[in-house]
Amino acid sequence: MSRNTLADMLLVKDRILPNDLCVTVPVVIIGNGPSGICLSYLLSGYTPYLAPGATHPNPLLLRKLEERPDVSLLEQDLEYLSEGLEGRSSNPAAVLFDTLLLPDGDFGQDCASALQWRRERERSVPHLVLGKGPPGGAWHAMEGSMRTVSLANWMELPGLKLKDWVRDKRRNLRNDRATPAEIASYYQHFVSETGLQSNFVSHTVVTSMRRALRSEGGRRSVDPEHGERPGTTWEVRGYQKSREGLELPFAVSAENVVLATGTHDKPARLGVEGEDLPFICHSFWEFEAAIARGQVDQHSDPVLIVGAGLTAADGVLTAHHLNTPVCHAFRRAVTDPALIFNQLPKVLYPEYHKVHQMMQQQQQQQEVDGGFTGSYPGYVSYPKHRVVAFKPDHKCVLEGAGGRLVLKISMALVLIGAHPNLSFLQDSGRYLGIDPQQPISCRGNPVDVHPFTYESVQEPGLFAMGPLVGDNFVRFLKGGALGIASTLSKRSSKEGGLSEDSSGQAGSCSSLDT
């Protein structure tokens, strides 16, 4: 079967055919946000090369690339190219791809990329991208939000400038800010503009994933000592929601599976007394709903915001814009290098720099006679504090180095991150983490992968990218796409192509038995 028709055979009008179709797909990507989209782009034959006459602020990296200018980046030694590079990601392939796509990106410069993209269809690897909603992932869940984000190039995908696209869509460009709805629309447009849509299946939920049972001669292979033997392919099962609300089951066999689910599914919790009280929220959308209902305004008791990430900062900015008083508690010191604000370029994200200033200038120790010496009335920060308990009378107990204190609040917004929903994996994927005893977490316990292939240390043929491996910014998750696409391309060249089992024989059907 040709590489161009496999996806078409599996899909009919954006639906996966039912599980009696015996086809092994080379790659299944679970997650259709920016991670899945970028990987699909590379697997669809879009290939990066060193651009003719390219310049780069890192002369050593440029010299290495000039050694093999006619060889695509996918075929080069990523470890060799990454040597000596430093950046804001702990994943070296992410730093490499970022510095090639966005030279001097930390300084807000719109320098030309050192890469040139060519569409080489013969390199295409058949794949499916499964997502719970339309392409764009969690950005669609934010539609209607009052939040805006900087139109920085950190969020754009290769080949389509975000800022130019947003400006073309607007009649009047008032500022360099974009709404979540515009970002979601940008990612959805990217998929159609680059011709990737035939690989995307929306409104799908994966419910289980396991090694397919090895088959021999049309029968499942049984080892007398260990029982049924797992094979080398994966069996991915789930359902797709129809327009009529029906849940239509499917099963797909895959040689390789990529986890690109992100980490927005399950908000993290504090695990303290009173956290289930009705005035405690765990998402920004709950806060916006409370604002819309008139529950909080400038005359309310303070809103307590717990956390020091970007979503918590969005909460601070939203409340401050409405003149709603804010108490802001977080565990780290304001100067802690691990604090996200200390990693963001001020020139690109002035709004978050403003929150960082507020956190520094309006600390609780500056309170004098009921007022504050800083420049932001109505805001107080409580660094190096933790929540001990919430009480039914709208009081919160905080604890810091100086002891405990009690705050009277209107509501609390707990924004301390989120955990991915990997319930379709054995033990929710814990065994894949750096610490197999803990749940997968983008900060504390990412999926343990090889640094240049993004393949699981525990499971060959299983890859992870994006927030699951600690890359929360679109800017850096593109490096995961490079690592995975490079790995699959090299294996395909070595093995004579990834297999495309579509014979319909009994042996290929065993993994899809119901």
# chains A, B, ... in the order shown; residues from 1 in each chain; ligands from 1
$ residues_around --residues "Leu488 (chain A)" --least-positions-apart "5" --cutoff "12 Å" --atoms "only C-alpha atoms" --output "PyMOL selection string"
chain A and resi 26-27+39+42-43+74-75+123-127+255-258+452-455+461-463+481-483+493-499
$ residues_around --residues "Ser283 (chain A)" --least-positions-apart "2" --cutoff "8 Å" --atoms "only C-alpha atoms" --output "list in words"
Pro267, Cys281, Trp285, Glu286, Phe287, Leu413, Val414 and Leu415 of chain A
$ residues_around --residues "Thr311 (chain A)" --least-positions-apart "2" --cutoff "9 Å" --atoms "only C-alpha atoms" --output "number ranges by chain"
A: 283-284, 307-309, 313-316, 415-417
$ atom_distance --atom1 "CA of Thr263 (chain A)" --atom2 "CA of Gly33 (chain A)"
11.0 Å
$ closest_residue --among "A:Leu322, A:Pro103, A:Gln116, A:Leu61" --to "Val303 (chain A)" --atoms "only C-alpha atoms"
A:Leu322
$ closest_residue --among "A:Ala184, A:Ile484, A:Leu407, A:Leu310" --to "His140 (chain A)" --atoms "only C-alpha atoms"
A:Ala184
$ residues_around --residues "region 231-241 of chain A" --least-positions-apart "6" --cutoff "6 Å" --atoms "only C-alpha atoms" --output "PyMOL selection string"
chain A and resi 203-214+247-255
$ write_last_selection --atoms "N, CA, C and O atoms" --output "compact mmCIF listing (two decimals), in the first residue's frame"
# COMPACT_ATOMS: atom_id res chain seq x y z
N HIS A 203 -12.40 14.32 18.47
CA HIS A 203 -13.44 13.82 19.38
C HIS A 203 -13.26 12.35 19.71
O HIS A 203 -14.22 11.58 19.80
N THR A 204 -12.00 11.96 19.88
CA THR A 204 -11.70 10.58 20.25
C THR A 204 -11.15 10.53 21.67
O THR A 204 -10.40 11.42 22.09
N VAL A 205 -11.51 9.51 22.39
CA VAL A 205 -11.02 9.29 23.75
C VAL A 205 -10.36 7.91 23.78
O VAL A 205 -11.00 6.91 23.45
N VAL A 206 -9.09 7.86 24.14
CA VAL A 206 -8.38 6.59 24.27
C VAL A 206 -8.65 6.04 25.67
O VAL A 206 -8.47 6.74 26.67
N THR A 207 -9.11 4.81 25.73
CA THR A 207 -9.46 4.20 27.02
C THR A 207 -8.47 3.14 27.47
O THR A 207 -8.38 2.84 28.66
N SER A 208 -7.73 2.55 26.54
CA SER A 208 -6.72 1.55 26.95
C SER A 208 -5.64 1.46 25.89
O SER A 208 -5.87 1.71 24.71
N MET A 209 -4.46 1.10 26.36
CA MET A 209 -3.33 0.91 25.47
C MET A 209 -2.43 -0.15 26.07
O MET A 209 -2.05 -0.07 27.25
N ARG A 210 -2.09 -1.14 25.30
CA ARG A 210 -1.24 -2.22 25.81
C ARG A 210 -0.50 -2.85 24.64
O ARG A 210 -0.83 -2.62 23.47
N ARG A 211 0.50 -3.65 24.97
CA ARG A 211 1.19 -4.40 23.94
C ARG A 211 0.21 -5.40 23.34
O ARG A 211 -0.48 -6.13 24.05
N ALA A 212 0.15 -5.43 22.01
CA ALA A 212 -0.69 -6.42 21.34
C ALA A 212 -0.09 -7.80 21.56
O ALA A 212 1.13 -7.95 21.67
N LEU A 213 -0.94 -8.80 21.65
CA LEU A 213 -0.46 -10.16 21.85
C LEU A 213 0.17 -10.68 20.57
O LEU A 213 -0.37 -10.51 19.48
N ARG A 214 1.32 -11.31 20.72
CA ARG A 214 2.04 -11.81 19.56
C ARG A 214 1.25 -12.93 18.91
O ARG A 214 0.66 -13.78 19.57
N GLU A 247 -21.13 6.95 21.40
CA GLU A 247 -19.73 6.61 21.60
C GLU A 247 -19.40 5.39 20.74
O GLU A 247 -19.82 4.27 21.05
N LEU A 248 -18.68 5.61 19.67
CA LEU A 248 -18.39 4.57 18.69
C LEU A 248 -17.01 3.98 18.98
O LEU A 248 -15.99 4.68 18.88
N PRO A 249 -16.93 2.71 19.34
CA PRO A 249 -15.65 2.11 19.72
C PRO A 249 -14.72 1.90 18.54
O PRO A 249 -15.16 1.74 17.40
N PHE A 250 -13.42 1.93 18.82
CA PHE A 250 -12.43 1.62 17.79
C PHE A 250 -11.25 0.91 18.44
O PHE A 250 -11.05 0.97 19.66
N ALA A 251 -10.47 0.25 17.62
CA ALA A 251 -9.20 -0.34 18.05
C ALA A 251 -8.22 -0.24 16.91
O ALA A 251 -8.56 -0.53 15.76
N VAL A 252 -7.02 0.21 17.19
CA VAL A 252 -6.00 0.39 16.17
C VAL A 252 -4.71 -0.25 16.66
O VAL A 252 -4.34 -0.12 17.83
N SER A 253 -4.03 -0.94 15.76
CA SER A 253 -2.72 -1.51 16.06
C SER A 253 -1.65 -0.56 15.55
O SER A 253 -1.77 -0.01 14.45
N ALA A 254 -0.62 -0.32 16.36
CA ALA A 254 0.41 0.65 16.00
C ALA A 254 1.80 0.11 16.32
O ALA A 254 2.00 -0.51 17.37
N GLU A 255 2.74 0.38 15.43
CA GLU A 255 4.13 0.02 15.70
C GLU A 255 4.72 0.94 16.77
O GLU A 255 5.51 0.50 17.61
$ atom_distance --atom1 "CA of Ala289 (chain A)" --atom2 "CA of Leu277 (chain A)"
16.6 Å
$ closest_residue --among "A:Cys111, A:Val449, A:Glu156, A:Asp98" --to "Glu86 (chain A)" --atoms "only C-alpha atoms"
A:Asp98
$ closest_residue --among "A:Ala292, A:Val166, A:Val201, A:Val474" --to "His189 (chain A)" --atoms "only C-alpha atoms"
A:Val166
$ residues_around --residues "Val272 (chain A)" --least-positions-apart "3" --cutoff "8 Å" --atoms "only C-alpha atoms" --output "MDAnalysis selection string"
chainID A and resid 275 387:390
$ residues_around --residues "Ser113 (chain A)" --least-positions-apart "5" --cutoff "6 Å" --atoms "only C-alpha atoms" --output "PDB file with C-alpha atoms, in the first residue's frame"
ATOM      1  CA  LEU A 100      17.745  27.110  14.820  1.00  0.00           C
ATOM      2  CA  LEU A 101      14.122  28.168  14.473  1.00  0.00           C
ATOM      3  CA  LEU A 102      14.318  31.271  16.682  1.00  0.00           C
TER       4      LEU A 102
END
$ residues_around --residues "Asn472 (chain A)" --least-positions-apart "4" --cutoff "12 Å" --atoms "only C-alpha atoms" --output "MDAnalysis selection string"
chainID A and resid 33:35 88:91 94 154:155 260:264 309:310 340 417:418 441:443 446 465:468 476:480
$ atom_distance --atom1 "CA of Asp336 (chain A)" --atom2 "CA of Glu399 (chain A)"
18.8 Å
$ closest_residue --among "A:Tyr379, A:Tyr431, A:Phe341, A:Tyr49" --to "Asp301 (chain A)" --atoms "only C-alpha atoms"
A:Tyr379
$ select_by_dssp --residues "region 238-401 of chain A" --states "alpha helix (DSSP H)" --output "VMD selection string"
chain A and resid 284 to 292 310 to 321 350 to 361
